[in-house]
Every structure is written in structure tokens, then in C-alpha cells.
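Student: Below you'll find model.cif; it's mmCIF, C-alpha atoms.
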data_entry
#
loop_
_atom_site.group_PDB
_atom_site.id
_atom_site.type_symbol
_atom_site.label_atom_id
_atom_site.label_comp_id
_atom_site.auth_asym_id
_atom_site.auth_seq_id
_atom_site.Cartn_x
_atom_site.Cartn_y
_atom_site.Cartn_z
ATOM 1 C CA MET A 1 0.000 0.000 0.000
ATOM 2 C CA LYS A 2 1.320 3.458 -0.933
ATOM 3 C CA LYS A 3 1.891 5.710 2.077
ATOM 4 C CA LEU A 4 -0.430 8.734 2.104
ATOM 5 C CA PRO A 5 -1.101 11.698 4.433
ATOM 6 C CA GLY A 6 -3.326 11.092 7.451
ATOM 7 C CA LEU A 7 -5.676 13.738 8.873
ATOM 8 C CA VAL A 8 -6.298 13.018 12.550
ATOM 9 C CA PHE A 9 -9.353 14.166 14.524
ATOM 10 C CA SER A 10 -10.292 13.648 18.176
ATOM 11 C CA GLU A 11 -13.791 13.058 19.493
ATOM 12 C CA ARG A 12 -12.720 15.062 22.566
ATOM 13 C CA ASP A 13 -11.776 18.133 20.567
ATOM 14 C CA THR A 14 -14.338 20.756 19.531
ATOM 15 C CA VAL A 15 -12.277 22.019 16.600
ATOM 16 C CA SER A 16 -11.658 18.467 15.385
ATOM 17 C CA LEU A 17 -15.371 17.729 15.394
ATOM 18 C CA ASN A 18 -16.347 21.012 13.728
ATOM 19 C CA VAL A 19 -13.762 20.683 10.964
ATOM 20 C CA LEU A 20 -14.585 17.019 10.428
ATOM 21 C CA LYS A 21 -18.265 17.886 10.010
ATOM 22 C CA VAL A 22 -17.531 20.533 7.369
ATOM 23 C CA LEU A 23 -15.004 18.266 5.673
ATOM 24 C CA LYS A 24 -17.526 15.440 5.355
ATOM 25 C CA GLU A 25 -20.081 17.874 3.885
ATOM 26 C CA THR A 26 -17.494 19.129 1.383
ATOM 27 C CA LEU A 27 -15.869 15.911 0.228
ATOM 28 C CA GLU A 28 -17.305 13.082 -1.790
ATOM 29 C CA ASN A 29 -16.240 9.442 -1.899
ATOM 30 C CA LEU A 30 -15.201 8.894 1.723
ATOM 31 C CA VAL A 31 -14.494 5.178 1.792
ATOM 32 C CA PRO A 32 -14.441 3.295 5.135
ATOM 33 C CA LEU A 33 -11.500 0.910 5.370
ATOM 34 C CA GLU A 34 -11.161 -2.407 7.113
ATOM 35 C CA VAL A 35 -8.267 -0.994 9.115
ATOM 36 C CA LYS A 36 -9.273 -0.385 12.731
ATOM 37 C CA TRP A 37 -7.605 2.032 15.107
ATOM 38 C CA GLU A 38 -8.981 1.991 18.622
ATOM 39 C CA ARG A 39 -12.750 1.715 18.109
ATOM 40 C CA GLU A 40 -13.004 3.944 15.062
ATOM 41 C CA LYS A 41 -12.721 3.222 11.380
ATOM 42 C CA VAL A 42 -10.151 4.805 9.137
ATOM 43 C CA PHE A 43 -11.566 6.442 6.016
ATOM 44 C CA PHE A 44 -9.963 7.106 2.655
ATOM 45 C CA SER A 45 -10.709 10.339 0.808
ATOM 46 C CA LYS A 46 -10.370 10.035 -2.945
ATOM 47 C CA ASP A 47 -10.677 13.813 -3.270
ATOM 48 C CA LEU A 48 -7.667 14.430 -1.022
ATOM 49 C CA ASN A 49 -5.842 11.154 -1.676
ATOM 50 C CA SER A 50 -5.473 10.962 2.096
ATOM 51 C CA PHE A 51 -6.688 9.006 5.096
ATOM 52 C CA ILE A 52 -9.042 10.399 7.732
ATOM 53 C CA ILE A 53 -8.503 8.970 11.205
ATOM 54 C CA ILE A 54 -10.544 9.520 14.361
ATOM 55 C CA THR A 55 -9.307 8.945 17.888
ATOM 56 C CA GLN A 56 -11.140 8.984 21.191
ATOM 57 C CA LYS A 57 -8.035 10.276 22.953
ATOM 58 C CA ASP A 58 -6.845 13.837 23.389
ATOM 59 C CA LEU A 59 -4.553 14.487 20.456
ATOM 60 C CA VAL A 60 -1.500 15.309 22.570
ATOM 61 C CA TYR A 61 -1.609 11.778 24.018
ATOM 62 C CA ALA A 62 -2.288 9.895 20.766
ATOM 63 C CA GLU A 63 1.149 8.249 20.598
ATOM 64 C CA ASP A 64 -0.297 4.874 19.602
ATOM 65 C CA ILE A 65 -1.364 6.248 16.239
ATOM 66 C CA ASN A 66 2.166 5.173 15.355
ATOM 67 C CA LYS A 67 0.593 1.739 14.713
ATOM 68 C CA LEU A 68 -0.634 3.176 11.400
ATOM 69 C CA LYS A 69 2.802 4.344 10.233
ATOM 70 C CA ASP A 70 3.047 1.691 7.501
ATOM 71 C CA MET A 71 0.179 3.367 5.624
ATOM 72 C CA ILE A 72 0.885 7.018 6.503
ATOM 73 C CA SER A 73 3.494 9.346 4.989
ATOM 74 C CA ARG A 74 2.806 12.252 7.367
ATOM 75 C CA PHE A 75 0.236 13.149 10.017
ATOM 76 C CA ILE A 76 -1.759 16.374 10.352
ATOM 77 C CA PHE A 77 -3.558 16.763 13.691
ATOM 78 C CA VAL A 78 -6.577 19.123 13.677
ATOM 79 C CA SER A 79 -6.852 20.665 17.117
ATOM 80 C CA ARG A 80 -8.151 23.345 19.421
ATOM 81 C CA HIS A 81 -5.664 25.695 21.034
ATOM 82 C CA GLU A 82 -6.105 27.015 24.560
ATOM 83 C CA SER A 83 -4.497 30.051 26.155
ATOM 84 C CA ALA A 84 -5.246 32.228 29.149
ATOM 85 C CA SER A 85 -5.180 35.337 26.937
ATOM 86 C CA HIS A 86 -8.028 33.991 24.735
ATOM 87 C CA VAL A 87 -6.481 35.653 21.671
ATOM 88 C CA PRO A 88 -8.292 34.482 18.497
ATOM 89 C CA SER A 89 -5.655 32.484 16.636
ATOM 90 C CA LEU A 90 -4.962 30.249 13.654
ATOM 91 C CA LEU A 91 -1.769 28.331 14.385
ATOM 92 C CA VAL A 92 0.692 25.781 13.012
ATOM 93 C CA HIS A 93 3.427 24.002 14.943
ATOM 94 C CA PHE A 94 5.471 20.833 15.325
ATOM 95 C CA THR A 95 5.661 18.693 18.448
ATOM 96 C CA GLY A 96 8.280 18.091 21.080
ATOM 97 C CA ASN A 97 9.389 18.643 24.655
ATOM 98 C CA TRP A 98 12.602 20.642 24.937
ATOM 99 C CA LEU A 99 12.829 20.105 28.690
ATOM 100 C CA LYS A 100 12.551 17.262 31.198
ATOM 101 C CA SER A 101 8.913 18.143 31.878
ATOM 102 C CA ASN A 102 6.100 16.857 29.660
ATOM 103 C CA PRO A 103 2.818 18.279 31.016
ATOM 104 C CA LEU A 104 1.023 17.809 27.690
ATOM 105 C CA GLY A 105 2.100 14.396 26.484
ATOM 106 C CA GLY A 106 5.081 13.054 24.624
ATOM 107 C CA ASN A 107 8.376 11.984 26.137
ATOM 108 C CA PRO A 108 10.633 14.337 28.108
ATOM 109 C CA GLU A 109 13.476 15.803 26.080
ATOM 110 C CA GLU A 110 12.241 14.407 22.781
ATOM 111 C CA LEU A 111 11.208 16.110 19.547
ATOM 112 C CA GLY A 112 8.702 14.813 17.048
ATOM 113 C CA VAL A 113 9.593 14.801 13.347
ATOM 114 C CA ALA A 114 9.126 18.265 11.846
ATOM 115 C CA ASP A 115 7.605 18.685 8.376
ATOM 116 C CA PRO A 116 9.064 22.003 7.119
ATOM 117 C CA PHE A 117 7.484 22.213 3.645
ATOM 118 C CA LEU A 118 4.049 21.218 4.937
ATOM 119 C CA GLY A 119 4.297 23.696 7.805
ATOM 120 C CA LYS A 120 5.265 26.482 5.417
ATOM 121 C CA LEU A 121 2.423 25.702 3.030
ATOM 122 C CA CYS A 122 -0.057 25.502 5.934
ATOM 123 C CA ILE A 123 0.808 28.924 7.349
ATOM 124 C CA ILE A 124 0.864 30.588 3.916
ATOM 125 C CA THR A 125 -2.500 29.064 2.985
ATOM 126 C CA LEU A 126 -4.060 29.877 6.378
ATOM 127 C CA LEU A 127 -3.075 33.503 5.898
ATOM 128 C CA GLU A 128 -4.501 33.603 2.367
ATOM 129 C CA LYS A 129 -7.797 31.963 3.364
ATOM 130 C CA ALA A 130 -8.163 34.166 6.444
ATOM 131 C CA LYS A 131 -7.688 37.286 4.314
ATOM 132 C CA GLU A 132 -10.264 36.059 1.816
ATOM 133 C CA ALA A 133 -12.737 35.503 4.667
ATOM 134 C CA GLY A 134 -11.942 38.849 6.324
ATOM 135 C CA LEU A 135 -10.620 37.161 9.469
ATOM 136 C CA ASP A 136 -7.005 38.315 9.250
ATOM 137 C CA ARG A 137 -7.694 41.395 11.398
ATOM 138 C CA LYS A 138 -9.532 39.468 14.108
ATOM 139 C CA TYR A 139 -7.326 36.368 14.199
ATOM 140 C CA SER A 140 -3.604 36.178 14.858
ATOM 141 C CA ILE A 141 -2.100 33.819 12.257
ATOM 142 C CA SER A 142 1.283 32.421 13.193
ATOM 143 C CA LEU A 143 3.713 29.595 13.729
ATOM 144 C CA GLU A 144 4.192 28.470 17.315
ATOM 145 C CA ALA A 145 7.368 27.213 18.883
ATOM 146 C CA THR A 146 7.658 23.429 19.118
ATOM 147 C CA HIS A 147 5.750 22.098 22.128
ATOM 148 C CA HIS A 148 3.788 19.154 23.609
ATOM 149 C CA GLY A 149 3.189 15.583 22.422
ATOM 150 C CA PRO A 150 3.073 13.245 20.662
ATOM 151 C CA THR A 151 6.850 12.970 20.218
ATOM 152 C CA SER A 152 7.626 9.325 19.411
ATOM 153 C CA ILE A 153 5.675 8.916 16.163
ATOM 154 C CA ASP A 154 7.906 7.738 13.305
ATOM 155 C CA ARG A 155 6.362 10.062 10.753
ATOM 156 C CA PRO A 156 6.341 13.855 10.363
ATOM 157 C CA LEU A 157 3.618 15.387 12.538
ATOM 158 C CA THR A 158 2.066 18.844 12.248
ATOM 159 C CA PHE A 159 -0.615 20.464 14.399
ATOM 160 C CA ILE A 160 -2.981 22.981 12.805
ATOM 161 C CA GLU A 161 -5.205 24.756 15.315
ATOM 162 C CA ILE A 162 -7.926 27.268 16.100
ATOM 163 C CA GLY A 163 -7.531 29.188 19.353
ATOM 164 C CA SER A 164 -7.959 30.177 21.955
ATOM 165 C CA SER A 165 -11.375 29.761 23.616
ATOM 166 C CA PRO A 166 -14.723 28.035 22.943
ATOM 167 C CA THR A 167 -15.882 31.180 21.136
ATOM 168 C CA GLU A 168 -13.265 30.690 18.415
ATOM 169 C CA TRP A 169 -13.479 26.886 18.407
ATOM 170 C CA ASN A 170 -17.139 27.264 17.407
ATOM 171 C CA ASP A 171 -16.640 30.192 15.035
ATOM 172 C CA MET A 172 -17.725 28.527 11.809
ATOM 173 C CA ARG A 173 -15.926 31.166 9.743
ATOM 174 C CA ALA A 174 -12.626 30.077 11.299
ATOM 175 C CA VAL A 175 -13.611 26.424 10.967
ATOM 176 C CA LYS A 176 -14.287 26.965 7.276
ATOM 177 C CA VAL A 177 -10.932 28.734 6.817
ATOM 178 C CA LEU A 178 -9.086 25.857 8.453
ATOM 179 C CA THR A 179 -11.030 23.258 6.447
ATOM 180 C CA GLU A 180 -10.374 25.048 3.159
ATOM 181 C CA THR A 181 -6.705 25.303 4.120
ATOM 182 C CA LEU A 182 -6.441 21.557 4.686
ATOM 183 C CA ILE A 183 -8.086 20.784 1.345
ATOM 184 C CA GLU A 184 -5.850 23.151 -0.609
ATOM 185 C CA VAL A 185 -2.671 22.085 1.199
ATOM 186 C CA LEU A 186 -3.237 18.394 0.550
ATOM 187 C CA LYS A 187 -4.058 19.016 -3.112
ATOM 188 C CA THR A 188 -1.067 21.284 -3.792
ATOM 189 C CA LEU A 189 1.614 19.766 -1.516
ATOM 190 C CA PRO A 190 3.029 17.282 -4.081
ATOM 191 C CA LYS A 191 3.871 20.101 -6.520
ATOM 192 C CA TYR A 192 4.958 22.437 -3.725
ATOM 193 C CA GLU A 193 7.524 19.949 -2.426
ATOM 194 C CA CYS A 194 9.231 19.891 -5.814
ATOM 195 C CA LYS A 195 10.204 23.569 -5.537
ATOM 196 C CA GLU A 196 13.635 24.583 -4.279
ATOM 197 C CA LYS A 197 13.582 25.829 -0.682
ATOM 198 C CA LYS A 198 16.001 26.160 2.182
ATOM 199 C CA VAL A 199 15.142 24.662 5.553
ATOM 200 C CA ALA A 200 16.113 26.199 8.886
ATOM 201 C CA VAL A 201 15.640 25.651 12.590
ATOM 202 C CA GLY A 202 14.864 28.713 14.690
ATOM 203 C CA PHE A 203 15.897 29.830 18.165
ATOM 204 C CA GLY A 204 14.738 32.757 20.253
ATOM 205 C CA GLY A 205 11.825 35.116 20.540
ATOM 206 C CA PRO A 206 8.435 34.425 22.117
ATOM 207 C CA HIS A 207 6.332 31.277 21.902
ATOM 208 C CA TYR A 208 4.128 32.788 19.171
ATOM 209 C CA ALA A 209 7.015 33.255 16.790
ATOM 210 C CA PRO A 210 6.473 36.478 14.785
ATOM 211 C CA SER A 211 9.940 36.646 13.197
ATOM 212 C CA PHE A 212 9.879 33.020 12.124
ATOM 213 C CA THR A 213 6.297 33.344 10.879
ATOM 214 C CA LYS A 214 7.341 36.265 8.678
ATOM 215 C CA ILE A 215 10.274 34.255 7.346
ATOM 216 C CA ALA A 216 7.951 31.351 6.511
ATOM 217 C CA THR A 217 5.435 33.594 4.714
ATOM 218 C CA ASP A 218 7.755 36.116 3.059
ATOM 219 C CA THR A 219 10.887 34.173 2.058
ATOM 220 C CA GLU A 220 11.785 30.860 0.410
ATOM 221 C CA ILE A 221 12.921 29.455 3.762
ATOM 222 C CA ALA A 222 10.866 26.732 5.452
ATOM 223 C CA LEU A 223 11.060 26.334 9.219
ATOM 224 C CA GLY A 224 11.542 23.094 11.078
ATOM 225 C CA HIS A 225 11.642 23.105 14.873
ATOM 226 C CA ILE A 226 11.472 26.418 16.738
ATOM 227 C CA ALA A 227 12.646 26.900 20.324
ATOM 228 C CA SER A 228 11.512 30.039 22.136
ATOM 229 C CA ARG A 229 13.825 31.959 24.443
ATOM 230 C CA TYR A 230 11.961 30.551 27.444
ATOM 231 C CA VAL A 231 13.330 27.008 27.041
ATOM 232 C CA ILE A 232 16.887 27.609 25.893
ATOM 233 C CA ASN A 233 18.529 28.061 29.303
ATOM 234 C CA GLU A 234 17.282 24.696 30.595
ATOM 235 C CA ALA A 235 17.437 22.727 27.336
ATOM 236 C CA SER A 236 20.360 20.325 26.996
ATOM 237 C CA ASP A 237 22.864 20.517 24.150
ATOM 238 C CA ASN A 238 21.623 17.144 22.908
ATOM 239 C CA ILE A 239 17.982 18.211 22.561
ATOM 240 C CA LEU A 240 18.966 21.467 20.836
ATOM 241 C CA LEU A 241 21.158 19.583 18.364
ATOM 242 C CA SER A 242 18.458 16.968 17.774
ATOM 243 C CA SER A 243 16.386 19.676 16.045
ATOM 244 C CA LEU A 244 18.685 19.156 13.052
ATOM 245 C CA GLU A 245 17.949 15.439 12.893
ATOM 246 C CA ARG A 246 14.265 15.284 13.825
ATOM 247 C CA SER A 247 13.086 16.772 10.558
ATOM 248 C CA LEU A 248 11.764 15.303 7.320
ATOM 249 C CA ILE A 249 14.128 17.629 5.437
ATOM 250 C CA LYS A 250 17.500 18.210 7.101
ATOM 251 C CA PRO A 251 17.971 21.921 7.876
ATOM 252 C CA SER A 252 20.810 23.740 6.160
ATOM 253 C CA MET A 253 20.840 26.739 8.487
ATOM 254 C CA VAL A 254 20.230 27.894 12.040
ATOM 255 C CA LEU A 255 18.353 31.170 12.453
ATOM 256 C CA LEU A 256 18.746 33.228 15.640
ATOM 257 C CA ASP A 257 16.134 35.794 16.638
ATOM 258 C CA TRP A 258 18.955 38.046 17.803
ATOM 259 C CA LYS A 259 16.927 40.562 19.813
ATOM 260 C CA GLY A 260 14.770 37.737 21.150
ATOM 261 C CA LEU A 261 17.748 36.137 22.893
ATOM 262 C CA LYS A 262 19.917 37.188 25.808
ATOM 263 C CA LYS A 263 23.634 37.630 25.143
ATOM 264 C CA GLU A 264 24.581 34.450 26.986
ATOM 265 C CA GLN A 265 21.924 32.505 25.041
ATOM 266 C CA ARG A 266 23.286 33.788 21.727
ATOM 267 C CA ASN A 267 26.831 32.899 22.689
ATOM 268 C CA ARG A 268 25.839 29.399 23.747
ATOM 269 C CA LEU A 269 23.925 28.694 20.536
ATOM 270 C CA ILE A 270 26.695 30.070 18.324
ATOM 271 C CA GLU A 271 29.300 27.913 20.054
ATOM 272 C CA LEU A 272 27.073 24.825 19.975
ATOM 273 C CA PHE A 273 26.033 24.981 16.333
ATOM 274 C CA SER A 274 29.422 26.183 15.076
ATOM 275 C CA GLN A 275 30.641 22.688 15.854
ATOM 276 C CA THR A 276 28.177 21.286 13.277
ATOM 277 C CA HIS A 277 29.537 23.529 10.482
ATOM 278 C CA ILE A 278 25.982 24.589 9.667
ATOM 279 C CA GLU A 279 25.280 28.150 8.511
ATOM 280 C CA LEU A 280 24.199 30.506 11.310
ATOM 281 C CA LEU A 281 22.243 33.652 10.480
ATOM 282 C CA LYS A 282 20.252 36.326 12.279
ATOM 283 C CA THR A 283 16.569 36.491 11.385
ATOM 284 C CA LYS A 284 17.019 40.107 10.251
ATOM 285 C CA ASP A 285 19.597 38.929 7.710
ATOM 286 C CA VAL A 286 17.033 36.873 5.793
ATOM 287 C CA LEU A 287 14.050 39.224 6.043
#
Now that the file is in, can you turn its structure into C-alpha cells?

Tutor:
Amino acid sequence: MKKLPGLVFSERDTVSLNVLKVLKETLENLVPLEVKWEREKVFFSKDLNSFIIITQKDLVYAEDINKLKDMISRFIFVSRHESASHVPSLLVHFTGNWLKSNPLGGNPEELGVADPFLGKLCIITLLEKAKEAGLDRKYSISLEATHHGPTSIDRPLTFIEIGSSPTEWNDMRAVKVLTETLIEVLKTLPKYECKEKKVAVGFGGPHYAPSFTKIATDTEIALGHIASRYVINEASDNILLSSLERSLIKPSMVLLDWKGLKKEQRNRLIELFSQTHIELLKTKDVL
């Protein structure tokens, strides 16, 4: 069986359920498969040439979806996003725990496999669809730094989310934007991956990564893992270096959000990554 993308939805997630409902109304030819995962069937979408998978677990704890890796090329998890600020948001990020703590699933000090080209296409398409729907002024559209589980899945894994409160999770305009984004991304990704792009990992700045988002949307560079300034002091050298390996496409550069790092953080990262002979640049140098 040819490996294909897998869209993953959770019965415990409001955004998952809302997007899945719109997706089913939009697509034709959803074929139930004999493959069973947990107590739900896996469907095949001829329109998207992808699988649709439903879990009864919270998505951050769905490590055992790895059982489906022989049929899946990459996973896209459709999720709600929660924050105390309740800022309306459309977000894309990869998974991983930079530190020894893992409050939201995954293994401590382990990164999932980043999917740089998919992440870039997702954020660009989200921005386009949000503008078309007139939501770009109400919703913040950005990449997030790498965080939470699952981390041990042997395929690239990307979260695409609506945040940050029940109001936005049930905003059908945002749900439609996210659904349309998924459809367009899956239809255009094969051609998009054939284009020449550079891949980078990013360090510094806040969790909602404005500099790296701008790089993803305005340059030819695709971002893999991003570590915010808040985790760098406690993160080990090994986990920081693993960002170069835990990526579908090996990064060719390290980008430092210079003003978003303290001097000692910059010095540490420069010394660490200089040993790898990889190109180091400031974010302002590529914008």
C-alpha cells in the first residue's frame, strides 16, 4: 500500500469535530477501510488522496497512532488551542518537549519529526484563506514554537489549530478557513515539495514566533523546529542539536532571533552549532 497523508481528529476536541463535520459535507467518496484504530474506522478520501482517522483520545496523548505508520506518509492533527489570553488564533506548529517536563504528552526531552514544507504551506494558505474571509484582522495567524506531544511517532507530525477559547473553536468562519486550508494544502503539496527551498531551525523570541512566521510567509525558507527563548537556558545541548535530525528535510541553516535572545543565550547557541559547520544567520539577515 502506498503511504499517504493522514488527517487526525479527536472526538474530545471541539475544533476536530467542527472541521470534520464541514469536511464530510465538502468531500465526496469517503471510503471506510477495514483498518481499525482503537474503536473507530479509518476512512480514505479520494478527493484528497489521504486518510481520515478519528481517535477517542486527546490528540497530545495519541502516541499509539504510530501503529498506522506503515500506511501514513505524514500526520496532520486538527486541534483546538487554549491560552489564558483567549487571543483568536490560527496556528501551526510541530511537536516536542525541549525540557525534562512533559505536562502535555510526549516523552521528556524528545522532539517529534518536523515537516518544514508542509508547515510552510499551511501557514501561507491559512493567511490567504483568512484574508479572503476577512478574518485576518480578528485572528492572529502564526507559527508556534515546538511544544507538547506526541513525540515518538515515526512520521512527520504537524498540528494545525484554532484558538484560543470556545468562542473561536465554534466560530464557523474560522472552521471553514481551516477546512479550506487543509483541502488546498493536501491538493497542492506534491507540486509544492518539488520547488527549491532552504530549511532552517529557529531559536529565540516568544512562543508565538512572529519573526519566524514572517520568514515562513515572506521568504523561500521553510522552518523546522522552533525553540523560544523561554526554554533555551534549561534545554540540553543534545535536545537542541536533535532539532537538526528530527526533521523530514534536514535543515541547512540555524536562524537566531537576535533581539529575542539574551547575550549568553546567543553565545551558547553560536558555540554549539558552530561545531556542526551549519550556517548561522540572524533572522534580520534573511528578512

Student: Please, which residues in range 87-151 of chain A fall within 10 Å of range 175-180 of chain A when counting all atoms listed in the file, and what is the closest atom pair and distance in Å to one decimal for each, ordered by chain then residue number, as CSV?

Tutor:
residue,atom,partner,partner_atom,distance
A:Leu90,CA,A:Leu178,CA,8.0
A:Leu91,CA,A:Leu178,CA,9.7
A:Cys122,CA,A:Leu178,CA,9.4
A:Thr125,CA,A:Glu180,CA,8.8
A:Leu126,CA,A:Leu178,CA,6.8
A:Leu127,CA,A:Val177,CA,9.2
A:Glu128,CA,A:Val177,CA,9.2
A:Lys129,CA,A:Val177,CA,5.7
A:Ala130,CA,A:Val177,CA,6.1
A:Lys131,CA,A:Val177,CA,9.5
A:Glu132,CA,A:Val177,CA,8.9
A:Ala133,CA,A:Val177,CA,7.3
A:Leu135,CA,A:Val177,CA,8.8

Student: Using all atoms listed in the file, can you list as a PyMOL selection string the residues within 12 Å of (-17.0, 31.5, 16.9)?

Tutor: chain A and resi 14-15+18+88-89+135+138-139+162-176

Student: Once the PyMOL selection byres ((chain A and resi 249-251) around 10) is applied to the coordinates I shared, what remains selected? I want it as a list in words.

Tutor: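 Listing what the PyMOL selection byres ((chain A and resi 249-251) around 10) selects in the shown file: Val113, Ala114, Asp115, Pro116, Phe117, Pro156, Lys198, Val199, Ala200, Val201, Ile221, Ala222, Leu223, Gly224, His225, Ser243, Leu244, Glu245, Arg246, Ser247, Leu248, Ser252, Met253, Val254, Ile278 and Glu279 of chain A.
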
Student: Can you measure CA of Glu34 in chain A to CA of Phe75 in chain A for me? One decimal in Å is fine.

Tutor: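 So the two atoms, CA of Glu34 in chain A and CA of Phe75 in chain A, lie 19.5 Å apart.
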
Student: Show which residues sit within 9 Å of Ser10 in chain A, as number ranges by chain. Count only C-alpha atoms, and ignore same-chain residues fewer than 5 positions away.

Tutor: A: 15-17, 53-59, 77-79

Student: Take the residues that were just selected and, keeping C-alpha atoms, output them as a PDB file, in the coordinates of the input.

Tutor:
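The result, written out as out_10.pdb:
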ATOM      1  CA  VAL A  15     -12.277  22.019  16.600  1.00  0.00           C
ATOM      2  CA  SER A  16     -11.658  18.467  15.385  1.00  0.00           C
ATOM      3  CA  LEU A  17     -15.371  17.729  15.394  1.00  0.00           C
ATOM      4  CA  ILE A  53      -8.503   8.970  11.205  1.00  0.00           C
ATOM      5  CA  ILE A  54     -10.544   9.520  14.361  1.00  0.00           C
ATOM      6  CA  THR A  55      -9.307   8.945  17.888  1.00  0.00           C
ATOM      7  CA  GLN A  56     -11.140   8.984  21.191  1.00  0.00           C
ATOM      8  CA  LYS A  57      -8.035  10.276  22.953  1.00  0.00           C
ATOM      9  CA  ASP A  58      -6.845  13.837  23.389  1.00  0.00           C
ATOM     10  CA  LEU A  59      -4.553  14.487  20.456  1.00  0.00           C
ATOM     11  CA  PHE A  77      -3.558  16.763  13.691  1.00  0.00           C
ATOM     12  CA  VAL A  78      -6.577  19.123  13.677  1.00  0.00           C
ATOM     13  CA  SER A  79      -6.852  20.665  17.117  1.00  0.00           C
TER      14      SER A  79
END

Student: Apply the PyMOL selection byres ((chain A and resi 212-216) around 10) to the displayed file and report the matching residues as a VMD selection string.

Tutor: chain A and resid 92 116 to 117 119 to 124 141 to 145 199 to 205 208 to 211 217 to 223 226 255 to 257 283 to 284 286 to 287

Student: Using only C-alpha atoms, pick whichever of A:Lys69, A:Arg268, A:Arg12, A:His147 has the shortest atom-to-atom distance to Glu109 in chain A.

Tutor: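 Counting only C-alpha atoms, the residue closest to Glu109 in chain A is A:His147.
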
Student: Do you know which residues the PyMOL selection byres ((chain A and resi 100) around 12) returns on this file, as a list in words?

Tutor: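 Checking the PyMOL selection byres ((chain A and resi 100) around 12) against this file, the residues are Gly96, Asn97, Trp98, Leu99, Ser101, Asn102, Pro103, Gly105, Gly106, Asn107, Pro108, Glu109, Glu110, Leu111, His148, Val231, Glu234, Ala235, Ser236 and Ile239 of chain A.
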
Student: Of the candidates A:Ala84, A:Lys282, A:Glu25, A:Glu184, which shows the shortest atom-to-atom distance to Leu261 in chain A, using only C-alpha atoms?

Tutor: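 Of A:Ala84, A:Lys282, A:Glu25, A:Glu184, the one nearest Leu261 in chain A is A:Lys282, counting only C-alpha atoms.
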
Student: Would you mind reading off the distance between CA of Ala227 in chain A and CA of Phe94 in chain A, one decimal, in Å?

Tutor: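 Taking CA of Ala227 in chain A and CA of Phe94 in chain A, their separation equals 10.6 Å.
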
Student: Nearest residue to Asp47 in chain A out of A:Lys24, A:Arg155, A:His277, A:Arg137, using all atoms listed in the file?

Tutor: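 Once distances to Asp47 in chain A are computed over all atoms listed in the file, the minimum belongs to A:Lys24.
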
Student: CA of Ser45 in chain A and CA of Pro32 in chain A, how far apart in Å?

Tutor: 9.1 Å
